[in-house]
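Enquirer: First the structure, which I've put down as structure tokens, then a few questions once you've had a look.
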Amino acid sequence: MDGGVGLQEEDVETSWTLLSWLASCLMVFGGALPYVPQYQEIQRSSNTEGFSTRVCLVLLIANILRIFFWIGKQFELTLLLQSVVMILTMFAMLHLCCTVQSTNRVSTKQHRLSGNVPPIDCTNTCSINASSQLLPKEGAIVEDFLLLSGLT
């Protein structure tokens, strides 16, 4: 009788260990899993429209802070691994977005250079100095950056 009870307790303990390990794996990879179809869609369509790199920035900062906190006061290893996986996922997403956007910019510039392009009016953003060099006006670079980044 005692042998059967001991075997049942061992089976229950093994089941709980397996369940705990499975839950930990889901916690580690569950946060990154939704980005897999998004990564595939961006890669397939070569279009990053609708994907916010600012969300990546916020998640990177949050997970880096969590790692720094872990260094000071250690908590579950599962949460530390989750942060590492999320950081790697965000870097992969940012790399893909940068690659796709730079490819789109290069193809757009090549398309524009091959056609009849009207001359660019840079009277608001450029000036000519004494040695006939075309220079950006003061503040024009910042204005162009804000315009291109969509912050204005």
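How things are named: the first chain in the structure tokens is A, the next is B, and so on; residues count from 1 in each chain; ligands count from 1 in the order shown.
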Skip Glu76 in chain A itself and residues of its chain fewer than 6 positions away, then list as a compact mmCIF listing (two decimals) with N, CA, C and O atoms, in the first residue's frame all residues within 12 Å of it, counting only C-alpha atoms.

Expert:
```txt
# COMPACT_ATOMS: atom_id res chain seq x y z
N SER A 24 6.49 28.32 -17.31
CA SER A 24 7.65 29.20 -17.40
C SER A 24 8.04 29.44 -18.86
O SER A 24 8.35 30.57 -19.25
N MET A 27 5.64 31.84 -20.36
CA MET A 27 5.91 33.21 -19.89
C MET A 27 7.11 33.81 -20.62
O MET A 27 7.11 34.98 -20.98
N VAL A 28 8.14 33.01 -20.84
CA VAL A 28 9.35 33.51 -21.49
C VAL A 28 9.08 33.87 -22.94
O VAL A 28 9.44 34.96 -23.41
N ARG A 66 14.21 46.27 -16.27
CA ARG A 66 13.94 45.07 -15.50
C ARG A 66 15.22 44.26 -15.26
O ARG A 66 15.43 43.72 -14.18
N ILE A 67 16.09 44.21 -16.27
CA ILE A 67 17.37 43.51 -16.09
C ILE A 67 18.23 44.23 -15.07
O ILE A 67 18.85 43.59 -14.21
N PHE A 69 17.15 46.02 -12.62
CA PHE A 69 16.54 45.76 -11.33
C PHE A 69 16.92 44.36 -10.83
O PHE A 69 17.16 44.16 -9.64
N TRP A 70 16.97 43.40 -11.75
CA TRP A 70 17.33 42.03 -11.38
C TRP A 70 18.76 41.97 -10.82
O TRP A 70 19.03 41.19 -9.92
N GLN A 82 12.55 36.25 -19.88
CA GLN A 82 11.51 36.91 -20.67
C GLN A 82 12.02 38.26 -21.17
O GLN A 82 11.80 38.62 -22.33
N SER A 83 12.71 39.00 -20.32
CA SER A 83 13.25 40.30 -20.73
C SER A 83 14.30 40.14 -21.82
O SER A 83 14.31 40.91 -22.78
```

Enquirer: Counting only C-alpha atoms, which residue out of A:Leu79, A:Val36, A:Ala62, A:Cys97 sits closest to Ala23 in chain A?

Expert: A:Leu79

Enquirer: Calculate how many Å separate CA of Gln38 in chain A from CA of Phe51 in chain A, rounding to one decimal.

Expert: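 The value is 8.6 Å.
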
Enquirer: List the neighbours of Leu94 in chain A out to 12 Å using only C-alpha atoms; skip same-chain residues closer than 2 positions along the sequence, and give me the result as a PyMOL selection string.

Expert: chain A and resi 35+39+42+48+51-57+59-60+87-92+96-102

Enquirer: By how many Å are CA of Val84 in chain A and CA of Gly50 in chain A apart?

Expert: 25.1 Å
